[in-house]
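Everything below belongs to data.tsv, which stores TSV, C-alpha atoms.
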```tsv
chain	number	residue	atom	x	y	z
A	14	MET	CA	105.11	95.79	89.60
A	15	PRO	CA	106.12	92.66	87.71
A	16	ASP	CA	105.71	92.53	83.92
A	17	TRP	CA	102.95	90.67	82.04
A	18	LEU	CA	105.08	87.59	81.55
A	19	ALA	CA	105.58	87.23	85.31
A	20	HIS	CA	101.88	87.93	85.95
A	21	THR	CA	100.72	85.34	83.42
A	22	MET	CA	103.24	82.74	84.60
A	23	ILE	CA	102.10	83.19	88.20
A	24	GLY	CA	98.52	82.85	86.97
A	25	TRP	CA	99.47	79.66	85.14
A	26	ILE	CA	101.26	78.22	88.21
A	27	THR	CA	98.28	79.10	90.45
A	28	GLY	CA	95.80	77.55	88.01
A	29	LYS	CA	97.88	74.37	87.73
A	30	ILE	CA	98.34	73.99	91.50
A	31	LEU	CA	94.68	74.73	92.29
A	32	LYS	CA	93.58	72.58	89.33
A	33	ILE	CA	91.50	75.38	87.83
A	34	GLU	CA	91.21	76.12	84.11
A	35	VAL	CA	94.62	77.77	83.51
A	36	GLY	CA	93.52	79.66	80.39
A	37	LEU	CA	90.91	81.52	82.42
A	38	VAL	CA	93.17	82.19	85.41
A	39	VAL	CA	95.84	83.58	83.08
A	40	VAL	CA	93.30	85.89	81.39
A	41	GLY	CA	92.18	87.01	84.87
A	42	SER	CA	95.78	87.73	85.84
A	43	ILE	CA	96.08	90.45	83.21
A	44	ILE	CA	92.59	91.98	83.52
A	45	PRO	CA	93.85	94.71	85.93
A	46	ASP	CA	96.38	95.77	83.32
A	47	LEU	CA	93.58	96.87	80.99
A	48	VAL	CA	94.66	100.19	82.47
A	49	LYS	CA	97.50	100.01	79.93
A	50	VAL	CA	94.94	100.98	77.27
A	51	ASN	CA	96.04	104.45	78.27
A	52	HIS	CA	99.33	103.84	76.41
A	53	ILE	CA	97.33	103.93	73.17
A	54	ALA	CA	95.79	107.23	74.28
A	55	LEU	CA	99.26	108.56	75.16
A	56	PHE	CA	100.51	107.48	71.73
A	57	LEU	CA	97.64	109.46	70.22
A	58	GLY	CA	98.68	112.47	72.26
A	59	THR	CA	96.17	112.47	75.11
A	60	ASP	CA	96.42	111.23	78.70
A	61	LEU	CA	93.31	109.35	79.83
A	62	GLN	CA	94.82	107.95	83.05
A	63	SER	CA	92.07	109.72	85.01
A	64	PHE	CA	89.51	107.72	83.04
A	65	PHE	CA	91.12	104.29	82.87
A	66	SER	CA	92.79	103.97	86.30
A	67	PRO	CA	89.80	102.14	87.93
A	68	PHE	CA	90.70	99.10	85.81
A	69	HIS	CA	93.72	98.68	88.09
A	70	THR	CA	91.57	98.44	91.23
A	71	PRO	CA	89.82	95.34	92.60
A	72	ALA	CA	86.41	96.97	92.06
A	73	GLY	CA	87.09	97.78	88.39
A	74	SER	CA	88.76	94.46	87.65
A	75	LEU	CA	85.96	92.45	89.25
A	76	LEU	CA	83.41	94.36	87.17
A	77	VAL	CA	85.35	93.58	83.98
A	78	GLY	CA	85.77	89.94	85.10
A	79	GLY	CA	82.04	89.74	85.81
A	80	ILE	CA	81.12	91.11	82.39
A	81	LEU	CA	83.50	88.71	80.61
A	82	ALA	CA	82.31	85.72	82.66
A	83	LEU	CA	78.73	86.33	81.51
A	84	PHE	CA	79.84	85.42	77.99
A	85	PHE	CA	80.41	81.84	79.16
A	86	LEU	CA	77.80	79.18	79.83
A	87	ASP	CA	79.12	78.33	83.30
A	88	SER	CA	79.56	81.97	84.35
A	89	LYS	CA	80.06	81.29	88.06
A	90	LYS	CA	82.93	78.86	87.53
A	91	VAL	CA	84.57	81.14	84.97
A	92	PHE	CA	84.16	84.16	87.25
A	93	LEU	CA	85.86	82.26	90.07
A	94	ALA	CA	88.82	81.49	87.78
A	95	PHE	CA	89.01	85.17	86.76
A	96	VAL	CA	88.86	86.25	90.43
A	97	ILE	CA	91.79	83.96	91.28
A	98	GLY	CA	93.78	85.40	88.36
A	99	ILE	CA	92.91	88.97	89.38
A	100	ALA	CA	93.90	88.16	92.98
A	101	THR	CA	97.34	86.89	91.90
A	102	HIS	CA	97.87	90.12	89.95
A	103	PHE	CA	97.04	92.38	92.87
A	104	LEU	CA	99.01	90.23	95.30
A	105	MET	CA	102.12	90.63	93.14
A	106	ASP	CA	101.61	94.37	92.70
A	107	TYR	CA	100.98	94.70	96.44
A	108	LEU	CA	104.17	92.84	97.35
A	109	PHE	CA	106.47	94.49	94.83
A	110	ILE	CA	106.86	97.98	93.56
A	111	GLY	CA	108.37	99.18	90.33
A	112	ALA	CA	105.99	100.99	88.07
A	113	THR	CA	103.09	101.50	90.50
A	114	ARG	CA	102.88	102.93	93.99
A	115	GLY	CA	100.70	100.20	95.38
A	116	ILE	CA	97.10	99.12	95.11
A	117	GLN	CA	93.91	101.07	95.80
A	118	PHE	CA	92.29	98.13	97.56
A	119	LEU	CA	89.36	100.11	98.97
A	120	TYR	CA	88.57	102.15	95.85
A	121	PRO	CA	86.04	103.79	95.30
A	122	PHE	CA	85.54	104.17	99.07
A	123	SER	CA	89.13	105.26	99.63
A	124	TRP	CA	91.73	106.60	97.20
A	125	GLY	CA	94.65	105.52	99.37
A	126	TYR	CA	97.41	103.28	98.03
A	127	TRP	CA	98.44	100.12	99.90
A	128	ARG	CA	101.74	98.33	99.53
A	129	PHE	CA	103.49	95.66	101.51
A	130	ASN	CA	107.09	96.71	101.30
A	131	GLU	CA	109.47	98.65	99.14
A	132	ILE	CA	110.82	95.69	97.23
A	133	MET	CA	111.79	96.54	93.68
A	134	VAL	CA	111.45	93.81	91.09
A	135	ASP	CA	113.21	93.61	87.76
A	136	TYR	CA	113.77	91.06	84.99
A	137	ARG	CA	115.38	88.62	87.46
A	138	PHE	CA	112.00	88.12	89.11
A	139	THR	CA	110.47	87.26	85.72
A	140	VAL	CA	113.29	84.78	85.01
A	141	LEU	CA	112.75	83.16	88.43
A	142	VAL	CA	108.98	82.84	87.86
A	143	CYS	CA	109.52	81.41	84.35
A	144	LEU	CA	111.92	78.82	85.77
A	145	ALA	CA	109.38	77.89	88.45
A	146	ALA	CA	106.71	77.50	85.75
A	147	LEU	CA	109.05	75.37	83.65
A	148	GLY	CA	109.82	73.20	86.67
A	149	LEU	CA	106.12	72.71	87.35
A	150	TYR	CA	105.44	71.96	83.67
A	151	LEU	CA	108.17	69.30	83.61
A	152	TYR	CA	106.84	67.81	86.86
A	153	TYR	CA	103.32	67.46	85.41
A	154	PHE	CA	104.72	66.24	82.08
A	155	TYR	CA	106.81	63.44	83.62
A	156	SER	CA	104.19	62.46	86.19
A	157	GLY	CA	101.71	62.23	83.28
A	158	LEU	CA	104.12	59.95	81.38
A	159	LYS	CA	104.55	57.74	84.47
A	160	LYS	CA	100.78	57.43	84.86
A	161	LYS	CA	100.39	56.45	81.19
A	162	GLY	CA	103.13	53.85	81.57
A	163	ARG	CA	101.48	52.36	84.66
A	164	ASN	CA	98.09	52.23	82.92
A	165	ARG	CA	99.59	50.43	79.91
A	166	ARG	CA	101.31	47.85	82.12
A	167	SER	CA	98.16	47.18	84.15
A	168	SER	CA	96.02	46.80	81.00
B	19	MET	CA	72.42	84.15	75.31
B	20	LYS	CA	69.67	84.26	77.86
B	21	LYS	CA	67.79	87.51	78.39
B	22	LYS	CA	68.69	87.50	82.10
B	23	LYS	CA	72.41	87.28	81.33
B	24	PHE	CA	72.13	90.00	78.70
B	25	MET	CA	70.44	92.32	81.19
B	26	LEU	CA	73.16	91.60	83.75
B	27	ILE	CA	75.87	92.43	81.18
B	28	VAL	CA	74.16	95.74	80.40
B	29	LEU	CA	73.84	96.52	84.13
B	30	LEU	CA	77.50	95.74	84.86
B	31	LEU	CA	78.60	97.74	81.81
B	32	ILE	CA	76.61	100.74	83.05
B	33	LEU	CA	78.21	100.34	86.49
B	34	LEU	CA	81.68	100.17	84.94
B	35	VAL	CA	81.13	103.25	82.78
B	36	LEU	CA	79.76	105.13	85.82
B	37	LEU	CA	82.87	104.11	87.79
B	38	LEU	CA	85.15	105.35	84.99
B	39	PHE	CA	83.32	108.68	84.79
B	40	TYR	CA	83.28	109.05	88.59
B	41	ASN	CA	87.05	108.50	88.58
B	42	HIS	CA	87.54	110.98	85.76
B	43	ILE	CA	85.59	113.68	87.64
B	44	GLU	CA	87.15	113.06	91.07
B	45	PHE	CA	90.67	112.19	89.91
B	46	GLY	CA	92.08	115.69	90.22
B	47	LYS	CA	90.74	116.10	93.76
B	48	ASN	CA	91.69	112.74	95.21
B	49	ASP	CA	94.22	110.79	93.27
B	50	TYR	CA	97.88	111.42	93.85
B	51	SER	CA	99.25	108.94	91.37
B	52	ASN	CA	100.53	112.02	89.58
B	53	SER	CA	103.34	113.16	91.90
B	54	ASN	CA	102.94	116.72	90.77
B	55	TYR	CA	99.62	116.82	92.63
B	56	LEU	CA	101.44	116.06	95.90
B	57	PHE	CA	103.83	118.95	95.52
B	58	GLU	CA	101.17	121.39	94.32
B	59	ASN	CA	99.00	120.54	97.34
B	60	TYR	CA	101.83	120.23	99.85
B	61	GLN	CA	99.76	121.75	102.69
B	62	ARG	CA	97.38	118.81	102.47
B	63	PHE	CA	100.11	116.15	102.35
B	64	ASN	CA	102.61	117.83	104.68
B	65	ASN	CA	104.20	115.37	107.16
B	66	THR	CA	102.68	112.37	105.37
B	67	GLU	CA	104.47	109.58	103.59
B	68	ILE	CA	104.61	109.99	99.84
B	69	THR	CA	106.19	108.08	96.98
B	70	PHE	CA	107.32	109.27	93.59
B	71	LYS	CA	109.66	108.51	90.74
B	72	ALA	CA	112.37	110.98	89.80
B	73	THR	CA	115.68	111.49	88.05
B	74	ILE	CA	118.68	112.73	90.02
B	75	LYS	CA	119.77	116.20	88.99
B	76	ASP	CA	122.52	116.77	91.56
B	77	VAL	CA	123.99	114.96	94.55
B	78	TYR	CA	125.29	116.89	97.58
B	79	SER	CA	126.97	114.14	99.60
B	80	ALA	CA	128.18	116.47	102.34
B	81	ASN	CA	124.62	117.65	103.09
B	82	HIS	CA	123.05	114.21	102.54
B	83	THR	CA	120.84	115.88	99.98
B	84	ILE	CA	119.74	115.08	96.46
B	85	LEU	CA	118.16	117.42	93.95
B	86	ALA	CA	115.82	115.48	91.71
B	87	THR	CA	113.43	116.10	88.84
B	88	VAL	CA	110.05	114.41	89.33
B	89	LEU	CA	109.18	112.09	86.45
B	90	ASP	CA	105.58	113.29	86.11
B	91	TYR	CA	104.82	116.38	84.07
B	92	PRO	CA	105.65	119.30	84.62
B	93	HIS	CA	108.82	117.76	86.09
B	94	THR	CA	109.03	119.68	89.36
B	95	VAL	CA	112.49	119.87	90.91
B	96	VAL	CA	112.43	118.68	94.54
B	97	THR	CA	114.98	118.52	97.33
B	98	ILE	CA	115.41	115.14	98.97
B	99	LYS	CA	117.03	115.43	102.38
B	100	ASN	CA	118.27	112.94	104.97
B	101	VAL	CA	119.73	110.78	102.23
B	102	THR	CA	121.89	107.95	103.51
B	103	ILE	CA	124.70	107.84	101.04
B	104	ASP	CA	125.20	104.11	101.37
B	105	HIS	CA	124.43	103.79	97.71
B	106	HIS	CA	126.60	105.68	95.27
B	107	PHE	CA	123.93	107.93	93.77
B	108	GLN	CA	124.84	109.52	90.49
B	109	LYS	CA	123.44	112.26	88.33
B	110	ASP	CA	120.76	110.96	85.91
B	111	ASP	CA	120.03	107.90	88.06
B	112	SER	CA	116.36	106.97	87.93
B	113	ILE	CA	115.03	106.63	91.50
B	114	PHE	CA	111.90	105.61	93.39
B	115	VAL	CA	111.55	107.64	96.57
B	116	VAL	CA	109.59	106.85	99.73
B	117	GLY	CA	109.67	109.75	102.17
B	118	ILE	CA	107.91	112.31	104.31
B	119	LEU	CA	106.83	115.53	102.64
B	120	LYS	CA	108.19	118.50	104.59
B	121	GLY	CA	106.88	121.71	103.14
B	122	GLU	CA	107.00	122.82	99.55
B	123	LYS	CA	109.13	120.62	97.30
B	124	THR	CA	111.12	119.09	100.16
B	125	VAL	CA	111.09	115.43	101.11
B	126	PHE	CA	112.83	113.63	103.98
B	127	ALA	CA	113.83	110.33	102.48
B	128	GLU	CA	112.96	107.07	104.20
B	129	LYS	CA	114.01	104.86	101.34
B	130	ILE	CA	115.44	105.47	97.89
B	131	LEU	CA	115.51	102.68	95.34
B	132	VAL	CA	117.60	103.09	92.22
B	133	ARG	CA	115.93	101.92	89.05
B	134	GLY	CA	118.12	100.66	86.24
B	135	PRO	CA	118.19	102.84	83.11
B	136	TRP	CA	116.52	100.05	81.08
B	137	ASP	CA	114.02	98.83	83.71
B	138	ASP	CA	110.92	100.32	82.05
B	139	SER	CA	112.01	99.15	78.59
B	140	ILE	CA	112.69	95.63	79.90
B	141	ILE	CA	109.23	95.49	81.52
B	142	PHE	CA	107.70	96.51	78.19
B	143	ILE	CA	109.77	94.09	76.08
B	144	SER	CA	109.32	91.12	78.41
B	145	SER	CA	105.57	91.75	78.44
B	146	ILE	CA	105.25	91.15	74.70
B	147	PRO	CA	105.67	87.31	74.81
B	148	ALA	CA	102.84	87.20	77.35
B	149	ILE	CA	100.27	88.24	74.71
B	150	PRO	CA	100.59	85.15	72.45
B	151	PHE	CA	100.96	82.98	75.57
B	152	VAL	CA	97.60	84.19	76.96
B	153	LEU	CA	95.87	83.94	73.57
B	154	TYR	CA	97.20	80.41	73.04
B	155	LEU	CA	96.16	79.19	76.51
B	156	PHE	CA	92.70	80.69	76.16
B	157	PHE	CA	91.81	79.80	72.57
B	158	ARG	CA	93.27	76.31	72.95
B	159	THR	CA	90.25	75.50	75.12
B	160	TRP	CA	87.63	78.07	74.15
B	161	ARG	CA	86.09	79.34	70.95
B	162	PHE	CA	83.54	82.07	70.41
B	163	SER	CA	80.22	80.99	68.99
B	164	SER	CA	78.59	83.76	66.99
B	165	LYS	CA	75.29	81.88	67.14
B	166	THR	CA	74.95	81.86	70.92
B	167	LEU	CA	77.27	84.85	71.53
B	168	THR	CA	79.10	82.84	74.18
B	169	PHE	CA	82.45	81.13	74.55
B	170	GLU	CA	82.21	77.37	74.26
B	171	ARG	CA	84.68	74.63	75.06
B	172	ARG	CA	86.54	73.29	72.04
B	173	ARG	CA	86.83	69.79	73.46
B	174	LYS	CA	84.43	67.94	75.72
B	175	ASP	CA	87.33	66.37	77.59
B	176	ALA	CA	89.31	69.64	78.09
```

Rewrite the structure of this file - the entire thing - as structure tokens.
Amino acid sequence: MPDWLAHTMIGWITGKILKIEVGLVVVGSIIPDLVKVNHIALFLGTDLQSFFSPFHTPAGSLLVGGILALFFLDSKKVFLAFVIGIATHFLMDYLFIGATRGIQFLYPFSWGYWRFNEIMVDYRFTVLVCLAALGLYLYYFYSGLKKKGRNRRSS
Amino acid sequence: MKKKKFMLIVLLLILLVLLLFYNHIEFGKNDYSNSNYLFENYQRFNNTEITFKATIKDVYSANHTILATVLDYPHTVVTIKNVTIDHHFQKDDSIFVVGILKGEKTVFAEKILVRGPWDDSIIFISSIPAIPFVLYLFFRTWRFSSKTLTFERRRKDA
């Protein structure tokens, strides 16, 4: 399981490439990790994993995404952006292991965990993703400058 | 906010709360995210593939066996057999085990991944910068209107 920085960066890259509102995709990419609320419970001396674990399932995350999207005027468009963010999160957690055993894709119909392969990720993965995001940012930045330059010359 | 949207929010919230309570009630019977459950109910999971995190207690290279303490409470000690000693396993190494459960507290390893001693801490620390990053990206474009109880775009051209 990659960390939040990797998840949000992948959300940002996906949003940029698909030309979808990146702020929403990035928020969607961390919705499944609402399950981490349990850390507060653990800090307070009680384990509520049994209560919060549905957040880290597609069913739970889509419900949360649906509720949040209803607080926007264009709910459908926002929900789509959240879904893409949520999908990137689960794809990463499905591909890599580390802190989780896989994803309960069919929950609540099945409690089984699914995972692609036993590939462990660590900080190097985060560094790689951050570099990819930086590369993409620079690409958009310089292509934006070129466009501005061309527009000035033509006007 | 329109009445229809408000009703939909209430409906989805009820569904979410029901899902959380359903999980809470059924968790003990179905979920095996707590490794201890696997070893307590070994008859049910015998000869099936399981995964768990543990800390190495002892390494018996000659027998290709590792004795490990499961990370989840109450820290059951399990025997991991069929260990390929291609990696130099050491006492106190943090490991992620994929294997077949063979009877009570015995696992035939298929794959053992060694986790660095700081892996969990690094995940936690590197997650912290993500919080301001998400907040910045979101609130750069959106603001909450207390009048309409909805998020609105800050800029028309955003």

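Pairwise distance (atom CA of Asp76 of chain B, atom CA of Asn64 of chain B) equals 23.9 Å.
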
Report task. Check every residue of chain B for an atom within 6 Å of chain A, counting only C-alpha atoms, and provide those that qualify as number ranges by chain. Result -> B: 27, 38, 42, 45, 141, 145, 148, 155-156, 168-169

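Note that the spacing between atom CA of Ser79 of chain B and atom CA of Gly121 of chain B amounts to 21.8 Å.
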
Given the point (122.8, 105.8, 84.9) in the coordinates of this file, which residues lie within 10 Å, counting only C-alpha atoms, and how would they look as a short mmCIF file (atom, residue, chain, number, x, y, z; two decimals) with C-alpha atoms, in the frame of the given file?
```cif
data_model
loop_
_atom_site.label_atom_id
_atom_site.label_comp_id
_atom_site.auth_asym_id
_atom_site.auth_seq_id
_atom_site.Cartn_x
_atom_site.Cartn_y
_atom_site.Cartn_z
CA THR B 73 115.68 111.49 88.05
CA ILE B 74 118.68 112.73 90.02
CA PHE B 107 123.93 107.93 93.77
CA GLN B 108 124.84 109.52 90.49
CA LYS B 109 123.44 112.26 88.33
CA ASP B 110 120.76 110.96 85.91
CA ASP B 111 120.03 107.90 88.06
CA SER B 112 116.36 106.97 87.93
CA VAL B 132 117.60 103.09 92.22
CA ARG B 133 115.93 101.92 89.05
CA GLY B 134 118.12 100.66 86.24
CA PRO B 135 118.19 102.84 83.11
CA TRP B 136 116.52 100.05 81.08
#
```

Query raised in the report: So which residues fall inside 9 Å of (100.6, 117.4, 91.0) if we count all atoms listed in the file? Mind giving them as a PyMOL selection string?
Result: chain B and resi 46+50-59+90-92+94

Query - Point-to-point distance in Å for atom CA of Leu149 of chain A and atom CA of Ile26 of chain A - result: 7.4 Å

**Report entry** 10 Å contact set for Phe157 of chain B, only C-alpha atoms, chain neighbours under 2 positions out, as a VMD selection string
**Finding:** (chain A and resid 36) or (chain B and resid 152 to 155 159 to 162 169 171 to 172)

Kindly provide, as lines of an AutoDock Vina configuration file, the centre and edge lengths (Å, one decimal) of an axis-aligned box around all atoms of segment 52-58 of chain B given in the file, with 8 Å on each side.
```
center_x = 101.7
center_y = 116.7
center_z = 92.7
size_x = 20.2
size_y = 25.4
size_z = 22.3
```

Neighbouring residues of Val125 of chain B were defined as those with any atom within 12 Å, considering only C-alpha atoms; residues of the same chain fewer than 6 positions away were excluded. Please report them as a PDB file with C-alpha atoms, keeping the file's coordinate frame.
```pdb
ATOM      1  CA  LEU B  56     101.440 116.060  95.900  1.00  0.00           C
ATOM      2  CA  PHE B  57     103.830 118.950  95.520  1.00  0.00           C
ATOM      3  CA  TYR B  60     101.830 120.230  99.850  1.00  0.00           C
ATOM      4  CA  PHE B  63     100.110 116.150 102.350  1.00  0.00           C
ATOM      5  CA  ASN B  64     102.610 117.830 104.680  1.00  0.00           C
ATOM      6  CA  ASN B  65     104.200 115.370 107.160  1.00  0.00           C
ATOM      7  CA  THR B  66     102.680 112.370 105.370  1.00  0.00           C
ATOM      8  CA  GLU B  67     104.470 109.580 103.590  1.00  0.00           C
ATOM      9  CA  ILE B  68     104.610 109.990  99.840  1.00  0.00           C
ATOM     10  CA  THR B  69     106.190 108.080  96.980  1.00  0.00           C
ATOM     11  CA  PHE B  70     107.320 109.270  93.590  1.00  0.00           C
ATOM     12  CA  THR B  83     120.840 115.880  99.980  1.00  0.00           C
ATOM     13  CA  ILE B  84     119.740 115.080  96.460  1.00  0.00           C
ATOM     14  CA  LEU B  85     118.160 117.420  93.950  1.00  0.00           C
ATOM     15  CA  ALA B  86     115.820 115.480  91.710  1.00  0.00           C
ATOM     16  CA  VAL B  88     110.050 114.410  89.330  1.00  0.00           C
ATOM     17  CA  VAL B  95     112.490 119.870  90.910  1.00  0.00           C
ATOM     18  CA  VAL B  96     112.430 118.680  94.540  1.00  0.00           C
ATOM     19  CA  THR B  97     114.980 118.520  97.330  1.00  0.00           C
ATOM     20  CA  ILE B  98     115.410 115.140  98.970  1.00  0.00           C
ATOM     21  CA  LYS B  99     117.030 115.430 102.380  1.00  0.00           C
ATOM     22  CA  ASN B 100     118.270 112.940 104.970  1.00  0.00           C
ATOM     23  CA  VAL B 101     119.730 110.780 102.230  1.00  0.00           C
ATOM     24  CA  VAL B 115     111.550 107.640  96.570  1.00  0.00           C
ATOM     25  CA  VAL B 116     109.590 106.850  99.730  1.00  0.00           C
ATOM     26  CA  GLY B 117     109.670 109.750 102.170  1.00  0.00           C
ATOM     27  CA  ILE B 118     107.910 112.310 104.310  1.00  0.00           C
ATOM     28  CA  LEU B 119     106.830 115.530 102.640  1.00  0.00           C
TER      29      LEU B 119
END
```
